[in-house]
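Peer 1: Dropping a structure here in structure tokens format, bear with me for questions.
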Number of protein chains: 2
Amino acid sequence: MNEKNNALCEKHRDMCSISRSIDKIGDSWSLLILRDLSNGLSKYEELKNSLEIPPATLSKRLSALVGEGLLTKEIYQDNPPRAKYVLTDIGKDFLPVLAIIMMWGNKHASPNGIDTQLVDSKTHKKVVPIIVDRETGKEIDFTKIIYAGGPANSPGKIKRLKERGIPLNAAK
Amino acid sequence: MNEKNNALCEKHRDMCSISRSIDKIGDSWSLLILRDLSNGLSKYEELKNSLEIPPATLSKRLSALVGEGLLTKEIYQDNPPRAKYVLTDIGKDFLPVLAIIMMWGNKHASPNGIDTQLVDSKTHKKVVPIIVDRETGKEIDFTKIIYAGGPANSPGKIKRLKERGIPLNAAK
């Protein structure tokens, strides 16, 4: 979420972990930074060249991602000072989001054909992610699911879920 | 991607379906709009109240999502004119991204506990998405995959992949 929207996000954070996630990750640049780190880049200069991003924007996004615990910053040279960035476990846990965005893009945003594929880093064999229900092992039809509340619903969230007739919690 | 970044995105669109996807979807507000539509809202007024978003921003994001083919706009009342928005198949295909963002948020952005869960829309039973390889059925370890190129690599992308030692295509 970019700066000018932060005031509004405040209200959403109280309600929904999707909102809180988006808020922690930042804007679209942050997603591209995470993609590059997952693909082996780490040095500030490498990221700057890869993304062709204004340096002030890159520095701000990197600091935010460090602040939110997705990256650590390591100084690898003192004079002149040079930093590299490494995904933490929290950052690594975000990588599936990028992969699922890619799958959508390969289907709906690749008019010239496929130029981005997940492959095993050792064998280079193609990996095609599908999303299944942990319980049943069946592929999830996302048009047949809804977002219910949970045990940590805030009072504001309970009010909103009731207004909309959405369950406050999952069924037993 | 918000307006001020569009010029830079131009270069990325040539390279990576993650970039093109992010570019098509728009900013964080767009993600929240898609979430609300997936949860049963459709009318402009409902979205405005749910998101507490400036009307000009909401209108702009909705128009962009319609323009990119994720939503259709339907006028359901003429006087005064009232519109509702419905996910297209392209929009529905994006729903898994929101679910995977939620999973991350439940793990890393829910300090007070869980307040957002996927449930079956009929049974209200909890659905826990896991991402498996279509071929092997095994859960994917995203720290052990990389983004290779593909048959539709642009010349710019081939150059970049070679520089980084990333495969131009998946192995046979």
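Naming works like this for the structure tokens: A, B, ... for the chains as they're shown, residue 1 at the start of each chain, ligands 1 onward in shown order.
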Superposition of chain B onto chain A by least squares over all sequentially paired C-alpha atoms; the transformed chain is requested as a compact mmCIF listing (two decimals) with N, CA and C atoms, in the first residue's frame.
Peer 2:
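File superposed08.txt, as written:
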# COMPACT_ATOMS: atom_id res chain seq x y z
N MET B 1 0.89 -1.17 0.03
CA MET B 1 -0.01 0.01 0.03
C MET B 1 0.86 1.26 0.03
N ASN B 2 0.61 2.17 -0.86
CA ASN B 2 1.51 3.32 -0.89
C ASN B 2 1.11 4.36 0.17
N GLU B 3 2.02 5.30 0.37
CA GLU B 3 1.89 6.20 1.52
C GLU B 3 0.52 6.86 1.65
N LYS B 4 0.04 7.37 0.52
CA LYS B 4 -1.18 8.19 0.63
C LYS B 4 -2.39 7.37 1.08
N ASN B 5 -2.28 6.04 0.99
CA ASN B 5 -3.42 5.22 1.41
C ASN B 5 -3.34 4.74 2.84
N ASN B 6 -2.23 5.03 3.51
CA ASN B 6 -2.03 4.43 4.82
C ASN B 6 -3.13 4.73 5.82
N ALA B 7 -3.64 5.96 5.76
CA ALA B 7 -4.67 6.35 6.72
C ALA B 7 -5.88 5.42 6.59
N LEU B 8 -6.22 5.09 5.38
CA LEU B 8 -7.39 4.25 5.17
C LEU B 8 -7.12 2.81 5.58
N CYS B 9 -5.88 2.39 5.34
CA CYS B 9 -5.56 1.01 5.68
C CYS B 9 -5.74 0.73 7.16
N GLU B 10 -5.45 1.73 7.95
CA GLU B 10 -5.63 1.59 9.40
C GLU B 10 -6.94 0.88 9.73
N LYS B 11 -8.02 1.30 9.08
CA LYS B 11 -9.33 0.71 9.36
C LYS B 11 -9.40 -0.74 8.90
N HIS B 12 -8.74 -1.02 7.77
CA HIS B 12 -8.83 -2.37 7.23
C HIS B 12 -8.00 -3.36 8.02
N ARG B 13 -6.89 -2.87 8.56
CA ARG B 13 -6.00 -3.78 9.29
C ARG B 13 -6.72 -4.48 10.41
N ASP B 14 -7.71 -3.80 10.94
CA ASP B 14 -8.49 -4.34 12.04
C ASP B 14 -9.37 -5.51 11.60
N MET B 15 -9.50 -5.71 10.32
CA MET B 15 -10.56 -6.57 9.80
C MET B 15 -10.09 -7.83 9.09
N CYS B 16 -8.95 -7.79 8.44
CA CYS B 16 -8.73 -8.81 7.41
C CYS B 16 -7.25 -9.05 7.19
N SER B 17 -6.86 -10.30 7.20
CA SER B 17 -5.43 -10.56 7.05
C SER B 17 -4.94 -10.30 5.63
N ILE B 18 -5.84 -10.27 4.66
CA ILE B 18 -5.40 -9.88 3.32
C ILE B 18 -4.96 -8.41 3.33
N SER B 19 -5.77 -7.56 3.99
CA SER B 19 -5.41 -6.14 4.09
C SER B 19 -4.10 -5.96 4.83
N ARG B 20 -3.96 -6.67 5.94
CA ARG B 20 -2.73 -6.50 6.73
C ARG B 20 -1.51 -6.96 5.94
N SER B 21 -1.69 -8.03 5.16
CA SER B 21 -0.57 -8.51 4.35
C SER B 21 -0.17 -7.48 3.32
N ILE B 22 -1.16 -6.97 2.60
CA ILE B 22 -0.88 -6.01 1.54
C ILE B 22 -0.18 -4.79 2.14
N ASP B 23 -0.63 -4.44 3.32
CA ASP B 23 -0.07 -3.30 4.01
C ASP B 23 1.40 -3.53 4.39
N LYS B 24 1.71 -4.73 4.80
CA LYS B 24 3.07 -5.04 5.19
C LYS B 24 4.00 -5.13 3.99
N ILE B 25 3.48 -5.68 2.92
CA ILE B 25 4.33 -5.90 1.75
C ILE B 25 4.68 -4.59 1.07
N GLY B 26 3.72 -3.68 0.99
CA GLY B 26 3.99 -2.42 0.33
C GLY B 26 3.40 -2.40 -1.05
N ASP B 27 4.08 -1.79 -1.97
CA ASP B 27 3.48 -1.62 -3.30
C ASP B 27 4.04 -2.64 -4.29
N SER B 28 3.75 -2.40 -5.54
CA SER B 28 4.16 -3.34 -6.58
C SER B 28 5.67 -3.50 -6.68
N TRP B 29 6.39 -2.41 -6.42
CA TRP B 29 7.86 -2.51 -6.45
C TRP B 29 8.34 -3.57 -5.47
N SER B 30 7.70 -3.62 -4.32
CA SER B 30 8.13 -4.59 -3.30
C SER B 30 8.01 -6.01 -3.84
N LEU B 31 6.95 -6.26 -4.60
CA LEU B 31 6.76 -7.60 -5.17
C LEU B 31 7.89 -7.92 -6.14
N LEU B 32 8.29 -6.91 -6.93
CA LEU B 32 9.37 -7.16 -7.89
C LEU B 32 10.71 -7.33 -7.18
N ILE B 33 10.91 -6.63 -6.08
CA ILE B 33 12.13 -6.82 -5.28
C ILE B 33 12.17 -8.25 -4.75
N LEU B 34 11.05 -8.70 -4.20
CA LEU B 34 11.01 -10.07 -3.66
C LEU B 34 11.25 -11.10 -4.76
N ARG B 35 10.69 -10.84 -5.93
CA ARG B 35 10.92 -11.74 -7.06
C ARG B 35 12.41 -11.83 -7.39
N ASP B 36 13.07 -10.67 -7.46
CA ASP B 36 14.50 -10.67 -7.81
C ASP B 36 15.33 -11.37 -6.73
N LEU B 37 14.99 -11.15 -5.47
CA LEU B 37 15.73 -11.82 -4.40
C LEU B 37 15.52 -13.33 -4.48
N SER B 38 14.31 -13.74 -4.83
CA SER B 38 14.05 -15.19 -4.92
C SER B 38 14.79 -15.78 -6.10
N ASN B 39 15.16 -14.93 -7.05
CA ASN B 39 15.86 -15.43 -8.23
C ASN B 39 17.36 -15.23 -8.13
N GLY B 40 17.86 -14.99 -6.92
CA GLY B 40 19.31 -15.04 -6.73
C GLY B 40 20.02 -13.71 -6.61
N LEU B 41 19.32 -12.59 -6.86
CA LEU B 41 19.99 -11.30 -6.66
C LEU B 41 20.01 -10.98 -5.16
N SER B 42 20.96 -10.16 -4.75
CA SER B 42 20.97 -9.75 -3.35
C SER B 42 21.57 -8.36 -3.15
N LYS B 43 22.51 -7.97 -4.00
CA LYS B 43 23.18 -6.69 -3.77
C LYS B 43 22.31 -5.52 -4.22
N TYR B 44 22.43 -4.44 -3.46
CA TYR B 44 21.68 -3.23 -3.78
C TYR B 44 21.87 -2.85 -5.25
N GLU B 45 23.12 -2.85 -5.69
CA GLU B 45 23.41 -2.42 -7.07
C GLU B 45 22.75 -3.34 -8.10
N GLU B 46 22.75 -4.64 -7.79
CA GLU B 46 22.10 -5.60 -8.70
C GLU B 46 20.60 -5.31 -8.81
N LEU B 47 20.00 -5.04 -7.66
CA LEU B 47 18.56 -4.76 -7.67
C LEU B 47 18.27 -3.47 -8.44
N LYS B 48 19.11 -2.48 -8.23
CA LYS B 48 18.91 -1.20 -8.90
C LYS B 48 18.98 -1.40 -10.42
N ASN B 49 19.97 -2.15 -10.86
CA ASN B 49 20.11 -2.36 -12.30
C ASN B 49 18.99 -3.24 -12.86
N SER B 50 18.60 -4.25 -12.10
CA SER B 50 17.57 -5.16 -12.59
C SER B 50 16.23 -4.45 -12.72
N LEU B 51 15.89 -3.68 -11.71
CA LEU B 51 14.54 -3.11 -11.65
C LEU B 51 14.44 -1.77 -12.37
N GLU B 52 15.58 -1.13 -12.61
CA GLU B 52 15.57 0.23 -13.18
C GLU B 52 14.59 1.10 -12.41
N ILE B 53 14.79 1.10 -11.12
CA ILE B 53 13.92 1.77 -10.17
C ILE B 53 14.65 3.00 -9.65
N PRO B 54 13.95 4.11 -9.39
CA PRO B 54 14.65 5.26 -8.79
C PRO B 54 15.30 4.84 -7.46
N PRO B 55 16.57 5.19 -7.25
CA PRO B 55 17.28 4.74 -6.05
C PRO B 55 16.54 5.09 -4.75
N ALA B 56 15.93 6.25 -4.70
CA ALA B 56 15.22 6.63 -3.46
C ALA B 56 14.06 5.67 -3.20
N THR B 57 13.38 5.27 -4.28
CA THR B 57 12.26 4.34 -4.13
C THR B 57 12.76 2.97 -3.69
N LEU B 58 13.84 2.52 -4.31
CA LEU B 58 14.41 1.22 -3.95
C LEU B 58 14.81 1.20 -2.47
N SER B 59 15.51 2.25 -2.04
CA SER B 59 15.97 2.30 -0.64
C SER B 59 14.79 2.28 0.32
N LYS B 60 13.77 3.04 -0.02
CA LYS B 60 12.58 3.10 0.84
C LYS B 60 11.88 1.74 0.92
N ARG B 61 11.73 1.09 -0.22
CA ARG B 61 11.04 -0.21 -0.22
C ARG B 61 11.86 -1.26 0.52
N LEU B 62 13.18 -1.24 0.32
CA LEU B 62 14.04 -2.21 1.01
C LEU B 62 13.96 -1.99 2.52
N SER B 63 14.03 -0.73 2.94
CA SER B 63 13.95 -0.45 4.39
C SER B 63 12.62 -0.93 4.96
N ALA B 64 11.56 -0.71 4.19
CA ALA B 64 10.24 -1.14 4.67
C ALA B 64 10.18 -2.66 4.79
N LEU B 65 10.71 -3.35 3.81
CA LEU B 65 10.68 -4.82 3.85
C LEU B 65 11.56 -5.36 4.99
N VAL B 66 12.68 -4.68 5.26
CA VAL B 66 13.50 -5.05 6.42
C VAL B 66 12.71 -4.78 7.70
N GLY B 67 12.07 -3.62 7.75
CA GLY B 67 11.28 -3.25 8.93
C GLY B 67 10.15 -4.23 9.21
N GLU B 68 9.57 -4.77 8.15
CA GLU B 68 8.46 -5.72 8.32
C GLU B 68 8.96 -7.15 8.53
N GLY B 69 10.26 -7.33 8.50
CA GLY B 69 10.82 -8.64 8.82
C GLY B 69 10.93 -9.59 7.65
N LEU B 70 10.72 -9.11 6.42
CA LEU B 70 10.83 -10.02 5.27
C LEU B 70 12.27 -10.16 4.77
N LEU B 71 13.08 -9.16 5.05
CA LEU B 71 14.48 -9.18 4.60
C LEU B 71 15.39 -8.83 5.75
N THR B 72 16.64 -9.29 5.64
CA THR B 72 17.69 -8.73 6.50
C THR B 72 18.68 -8.00 5.59
N LYS B 73 19.30 -6.98 6.17
CA LYS B 73 20.30 -6.20 5.45
C LYS B 73 21.67 -6.59 5.98
N GLU B 74 22.58 -6.89 5.08
CA GLU B 74 23.94 -7.22 5.52
C GLU B 74 24.93 -6.32 4.80
N ILE B 75 25.81 -5.70 5.58
CA ILE B 75 26.86 -4.90 4.96
C ILE B 75 27.98 -5.86 4.58
N TYR B 76 28.27 -5.94 3.28
CA TYR B 76 29.30 -6.91 2.87
C TYR B 76 30.62 -6.23 2.51
N GLN B 77 30.63 -4.89 2.52
CA GLN B 77 31.86 -4.15 2.23
C GLN B 77 31.77 -2.82 2.94
N ASP B 78 32.89 -2.41 3.56
CA ASP B 78 32.84 -1.20 4.39
C ASP B 78 33.19 0.07 3.64
N ASN B 79 34.13 -0.01 2.72
CA ASN B 79 34.66 1.23 2.16
C ASN B 79 34.85 1.08 0.65
N PRO B 80 33.95 1.61 -0.19
CA PRO B 80 32.70 2.27 0.20
C PRO B 80 31.69 1.26 0.73
N PRO B 81 30.74 1.72 1.54
CA PRO B 81 29.79 0.77 2.13
C PRO B 81 28.86 0.17 1.07
N ARG B 82 28.71 -1.16 1.13
CA ARG B 82 27.82 -1.85 0.18
C ARG B 82 26.98 -2.84 0.96
N ALA B 83 25.68 -2.87 0.60
CA ALA B 83 24.77 -3.74 1.35
C ALA B 83 24.15 -4.79 0.44
N LYS B 84 23.85 -5.93 1.05
CA LYS B 84 23.03 -6.89 0.33
C LYS B 84 21.84 -7.29 1.20
N TYR B 85 20.84 -7.84 0.54
CA TYR B 85 19.57 -8.13 1.21
C TYR B 85 19.24 -9.61 1.03
N VAL B 86 18.80 -10.21 2.10
CA VAL B 86 18.55 -11.65 2.10
C VAL B 86 17.14 -11.90 2.64
N LEU B 87 16.42 -12.80 2.00
CA LEU B 87 15.07 -13.14 2.47
C LEU B 87 15.14 -13.86 3.82
N THR B 88 14.33 -13.43 4.76
CA THR B 88 14.16 -14.16 6.02
C THR B 88 13.14 -15.28 5.79
N ASP B 89 12.86 -16.06 6.81
CA ASP B 89 11.83 -17.09 6.67
C ASP B 89 10.47 -16.45 6.35
N ILE B 90 10.22 -15.29 6.95
CA ILE B 90 8.96 -14.58 6.66
C ILE B 90 8.90 -14.19 5.18
N GLY B 91 10.02 -13.71 4.67
CA GLY B 91 10.10 -13.35 3.25
C GLY B 91 9.96 -14.57 2.35
N LYS B 92 10.62 -15.66 2.73
CA LYS B 92 10.53 -16.89 1.93
C LYS B 92 9.09 -17.41 1.88
N ASP B 93 8.39 -17.25 2.99
CA ASP B 93 6.99 -17.69 3.03
C ASP B 93 6.10 -16.91 2.06
N PHE B 94 6.59 -15.76 1.60
CA PHE B 94 5.79 -14.97 0.66
C PHE B 94 5.98 -15.44 -0.79
N LEU B 95 7.00 -16.23 -1.04
CA LEU B 95 7.31 -16.62 -2.43
C LEU B 95 6.16 -17.32 -3.16
N PRO B 96 5.35 -18.14 -2.47
CA PRO B 96 4.21 -18.75 -3.18
C PRO B 96 3.27 -17.72 -3.80
N VAL B 97 3.14 -16.56 -3.17
CA VAL B 97 2.26 -15.53 -3.73
C VAL B 97 2.76 -15.13 -5.12
N LEU B 98 4.07 -14.96 -5.25
CA LEU B 98 4.63 -14.56 -6.55
C LEU B 98 4.39 -15.65 -7.60
N ALA B 99 4.52 -16.89 -7.17
CA ALA B 99 4.33 -17.99 -8.12
C ALA B 99 2.89 -18.04 -8.63
N ILE B 100 1.95 -17.78 -7.73
CA ILE B 100 0.54 -17.85 -8.14
C ILE B 100 0.18 -16.63 -9.00
N ILE B 101 0.81 -15.49 -8.72
CA ILE B 101 0.64 -14.33 -9.62
C ILE B 101 1.18 -14.69 -11.01
N MET B 102 2.32 -15.35 -11.04
CA MET B 102 2.89 -15.76 -12.33
C MET B 102 1.95 -16.67 -13.12
N MET B 103 1.32 -17.62 -12.41
CA MET B 103 0.41 -18.54 -13.10
C MET B 103 -0.73 -17.76 -13.77
N TRP B 104 -1.25 -16.78 -13.04
CA TRP B 104 -2.31 -15.95 -13.62
C TRP B 104 -1.78 -15.20 -14.84
N GLY B 105 -0.59 -14.63 -14.66
CA GLY B 105 0.01 -13.86 -15.76
C GLY B 105 0.29 -14.71 -16.99
N ASN B 106 0.70 -15.94 -16.77
CA ASN B 106 0.96 -16.81 -17.92
C ASN B 106 -0.32 -17.11 -18.69
N LYS B 107 -1.42 -17.13 -17.96
CA LYS B 107 -2.70 -17.41 -18.62
C LYS B 107 -3.32 -16.15 -19.22
N HIS B 108 -3.20 -15.03 -18.51
CA HIS B 108 -3.99 -13.85 -18.91
C HIS B 108 -3.17 -12.60 -19.24
N ALA B 109 -1.86 -12.66 -19.08
CA ALA B 109 -1.08 -11.45 -19.35
C ALA B 109 0.17 -11.79 -20.17
N SER B 110 0.01 -12.78 -21.03
CA SER B 110 1.16 -13.19 -21.86
C SER B 110 0.72 -13.37 -23.30
N PRO B 111 0.31 -12.26 -23.94
CA PRO B 111 -0.25 -12.37 -25.29
C PRO B 111 0.74 -12.93 -26.31
N ASN B 112 2.05 -12.80 -26.03
CA ASN B 112 3.04 -13.32 -26.97
C ASN B 112 3.50 -14.73 -26.65
N GLY B 113 2.98 -15.29 -25.58
CA GLY B 113 3.40 -16.63 -25.18
C GLY B 113 4.14 -16.60 -23.85
N ILE B 114 4.64 -17.76 -23.44
CA ILE B 114 5.21 -17.92 -22.10
C ILE B 114 6.69 -17.50 -22.08
N ASP B 115 7.03 -16.59 -21.17
CA ASP B 115 8.43 -16.20 -21.00
C ASP B 115 8.87 -16.30 -19.55
N THR B 116 8.04 -16.90 -18.70
CA THR B 116 8.37 -17.01 -17.28
C THR B 116 7.80 -18.34 -16.78
N GLN B 117 8.66 -19.19 -16.27
CA GLN B 117 8.19 -20.49 -15.78
C GLN B 117 8.93 -20.86 -14.51
N LEU B 118 8.24 -21.50 -13.61
CA LEU B 118 8.89 -22.05 -12.42
C LEU B 118 9.61 -23.32 -12.82
N VAL B 119 10.87 -23.41 -12.43
CA VAL B 119 11.61 -24.66 -12.64
C VAL B 119 12.35 -25.03 -11.36
N ASP B 120 12.62 -26.30 -11.19
CA ASP B 120 13.43 -26.76 -10.07
C ASP B 120 14.84 -26.16 -10.21
N SER B 121 15.37 -25.63 -9.12
CA SER B 121 16.64 -24.91 -9.25
C SER B 121 17.80 -25.85 -9.59
N LYS B 122 17.65 -27.13 -9.33
CA LYS B 122 18.73 -28.06 -9.67
C LYS B 122 18.53 -28.72 -11.03
N THR B 123 17.34 -29.29 -11.22
CA THR B 123 17.11 -30.07 -12.45
C THR B 123 16.63 -29.20 -13.61
N HIS B 124 16.17 -27.99 -13.28
CA HIS B 124 15.59 -27.08 -14.27
C HIS B 124 14.34 -27.66 -14.93
N LYS B 125 13.76 -28.67 -14.30
CA LYS B 125 12.49 -29.20 -14.82
C LYS B 125 11.34 -28.32 -14.37
N LYS B 126 10.36 -28.21 -15.25
CA LYS B 126 9.22 -27.35 -15.01
C LYS B 126 8.42 -27.82 -13.79
N VAL B 127 8.00 -26.86 -12.99
CA VAL B 127 7.16 -27.13 -11.83
C VAL B 127 5.85 -26.36 -12.03
N VAL B 128 4.73 -27.07 -12.04
CA VAL B 128 3.44 -26.39 -12.24
C VAL B 128 2.65 -26.44 -10.94
N PRO B 129 2.50 -25.28 -10.28
CA PRO B 129 1.79 -25.28 -9.01
C PRO B 129 0.29 -25.41 -9.19
N ILE B 130 -0.31 -26.28 -8.41
CA ILE B 130 -1.77 -26.27 -8.31
C ILE B 130 -2.12 -26.20 -6.83
N ILE B 131 -3.27 -25.62 -6.56
CA ILE B 131 -3.65 -25.37 -5.17
C ILE B 131 -4.72 -26.36 -4.76
N VAL B 132 -4.42 -27.17 -3.77
CA VAL B 132 -5.37 -28.20 -3.33
C VAL B 132 -5.75 -27.97 -1.87
N ASP B 133 -6.86 -28.54 -1.49
CA ASP B 133 -7.30 -28.51 -0.09
C ASP B 133 -6.46 -29.52 0.70
N ARG B 134 -5.88 -29.06 1.80
CA ARG B 134 -5.02 -29.94 2.59
C ARG B 134 -5.75 -31.20 3.04
N GLU B 135 -7.02 -31.02 3.34
CA GLU B 135 -7.81 -32.14 3.87
C GLU B 135 -8.13 -33.18 2.79
N THR B 136 -8.66 -32.71 1.68
CA THR B 136 -9.18 -33.64 0.67
C THR B 136 -8.17 -33.91 -0.45
N GLY B 137 -7.17 -33.05 -0.60
CA GLY B 137 -6.22 -33.22 -1.70
C GLY B 137 -6.78 -32.79 -3.05
N LYS B 138 -8.03 -32.32 -3.05
CA LYS B 138 -8.65 -31.91 -4.32
C LYS B 138 -8.32 -30.46 -4.66
N GLU B 139 -8.21 -30.18 -5.96
CA GLU B 139 -7.95 -28.82 -6.39
C GLU B 139 -9.10 -27.92 -5.92
N ILE B 140 -8.75 -26.75 -5.41
CA ILE B 140 -9.78 -25.86 -4.86
C ILE B 140 -10.43 -25.05 -5.96
N ASP B 141 -11.75 -25.01 -5.97
CA ASP B 141 -12.50 -24.13 -6.87
C ASP B 141 -12.78 -22.84 -6.08
N PHE B 142 -12.01 -21.82 -6.40
CA PHE B 142 -12.09 -20.60 -5.59
C PHE B 142 -13.37 -19.80 -5.77
N THR B 143 -14.19 -20.20 -6.74
CA THR B 143 -15.49 -19.54 -6.85
C THR B 143 -16.47 -20.13 -5.84
N LYS B 144 -16.06 -21.21 -5.18
CA LYS B 144 -16.96 -21.86 -4.22
C LYS B 144 -16.45 -21.76 -2.79
N ILE B 145 -15.62 -20.78 -2.55
CA ILE B 145 -15.19 -20.54 -1.17
C ILE B 145 -15.49 -19.07 -0.82
N ILE B 146 -15.60 -18.81 0.46
CA ILE B 146 -15.75 -17.43 0.92
C ILE B 146 -14.78 -17.21 2.09
N TYR B 147 -14.60 -15.95 2.43
CA TYR B 147 -13.74 -15.61 3.56
C TYR B 147 -14.60 -15.44 4.80
N ALA B 148 -14.52 -16.41 5.69
CA ALA B 148 -15.22 -16.29 6.97
C ALA B 148 -14.32 -15.59 7.98
N GLY B 149 -14.89 -15.28 9.15
CA GLY B 149 -14.09 -14.74 10.24
C GLY B 149 -13.38 -15.85 10.99
N GLY B 150 -12.87 -15.51 12.15
CA GLY B 150 -12.15 -16.49 12.96
C GLY B 150 -12.17 -16.09 14.42
N PRO B 151 -11.49 -16.88 15.25
CA PRO B 151 -11.55 -16.65 16.70
C PRO B 151 -11.07 -15.25 17.12
N ALA B 152 -10.23 -14.61 16.32
CA ALA B 152 -9.71 -13.30 16.72
C ALA B 152 -10.45 -12.14 16.06
N ASN B 153 -11.70 -12.38 15.62
CA ASN B 153 -12.49 -11.28 15.05
C ASN B 153 -12.51 -10.08 15.99
N SER B 154 -12.28 -8.89 15.44
CA SER B 154 -12.46 -7.66 16.23
C SER B 154 -13.96 -7.36 16.30
N PRO B 155 -14.37 -6.52 17.26
CA PRO B 155 -15.80 -6.15 17.31
C PRO B 155 -16.28 -5.56 15.98
N GLY B 156 -15.44 -4.74 15.35
CA GLY B 156 -15.81 -4.16 14.05
C GLY B 156 -16.02 -5.23 13.00
N LYS B 157 -15.20 -6.24 13.04
CA LYS B 157 -15.32 -7.30 12.05
C LYS B 157 -16.57 -8.14 12.30
N ILE B 158 -16.87 -8.42 13.56
CA ILE B 158 -18.08 -9.19 13.87
C ILE B 158 -19.31 -8.46 13.34
N LYS B 159 -19.35 -7.16 13.56
CA LYS B 159 -20.47 -6.35 13.08
C LYS B 159 -20.59 -6.48 11.56
N ARG B 160 -19.48 -6.35 10.89
CA ARG B 160 -19.50 -6.38 9.43
C ARG B 160 -19.90 -7.75 8.89
N LEU B 161 -19.36 -8.80 9.51
CA LEU B 161 -19.70 -10.15 9.05
C LEU B 161 -21.19 -10.41 9.23
N LYS B 162 -21.73 -9.98 10.38
CA LYS B 162 -23.17 -10.19 10.63
C LYS B 162 -24.01 -9.45 9.61
N GLU B 163 -23.63 -8.21 9.33
CA GLU B 163 -24.38 -7.42 8.34
C GLU B 163 -24.44 -8.13 7.00
N ARG B 164 -23.37 -8.83 6.67
CA ARG B 164 -23.29 -9.46 5.35
C ARG B 164 -23.71 -10.91 5.36
N GLY B 165 -24.04 -11.44 6.53
CA GLY B 165 -24.44 -12.84 6.59
C GLY B 165 -23.30 -13.81 6.32
N ILE B 166 -22.09 -13.39 6.67
CA ILE B 166 -20.90 -14.26 6.48
C ILE B 166 -20.59 -14.92 7.82
N PRO B 167 -20.27 -16.22 7.82
CA PRO B 167 -20.02 -16.90 9.10
C PRO B 167 -18.89 -16.25 9.91
N LEU B 168 -19.10 -16.17 11.22
CA LEU B 168 -18.10 -15.59 12.11
C LEU B 168 -16.89 -16.50 12.27
N ASN B 169 -17.08 -17.78 11.97
CA ASN B 169 -16.00 -18.74 12.13
C ASN B 169 -16.26 -19.92 11.19
N ALA B 170 -15.28 -20.76 11.02
CA ALA B 170 -15.48 -21.96 10.21
C ALA B 170 -16.38 -22.92 10.98
N ALA B 171 -17.13 -23.75 10.23
CA ALA B 171 -17.98 -24.77 10.86
C ALA B 171 -17.11 -25.87 11.45
N LYS B 172 -17.59 -26.47 12.53
CA LYS B 172 -16.82 -27.60 13.14
C LYS B 172 -16.95 -28.82 12.26
Peer 1: If you run DSSP over the backbone, which residues in chain B end up strand (DSSP E)? Put them as a list in words.
Peer 2: Leu71, Thr72, Lys73, Glu74, Ile75, Tyr76, Gln77, Arg82, Ala83, Lys84, Tyr85, Val86, Leu87, Gln117, Leu118, Val119, Asp120, Pro129, Ile130, Ile131, Val132, Asp133, Ile145, Ile146, Tyr147 and Ala148 of chain B
Peer 1: If you run DSSP on the backbone here, which positions in chain A get alpha helix (DSSP H)? Please write them as a PyMOL selection string.
Peer 2: chain A and resi 6-13+17-25+28-38+44-51+55-67+89-92+95-108+155-164
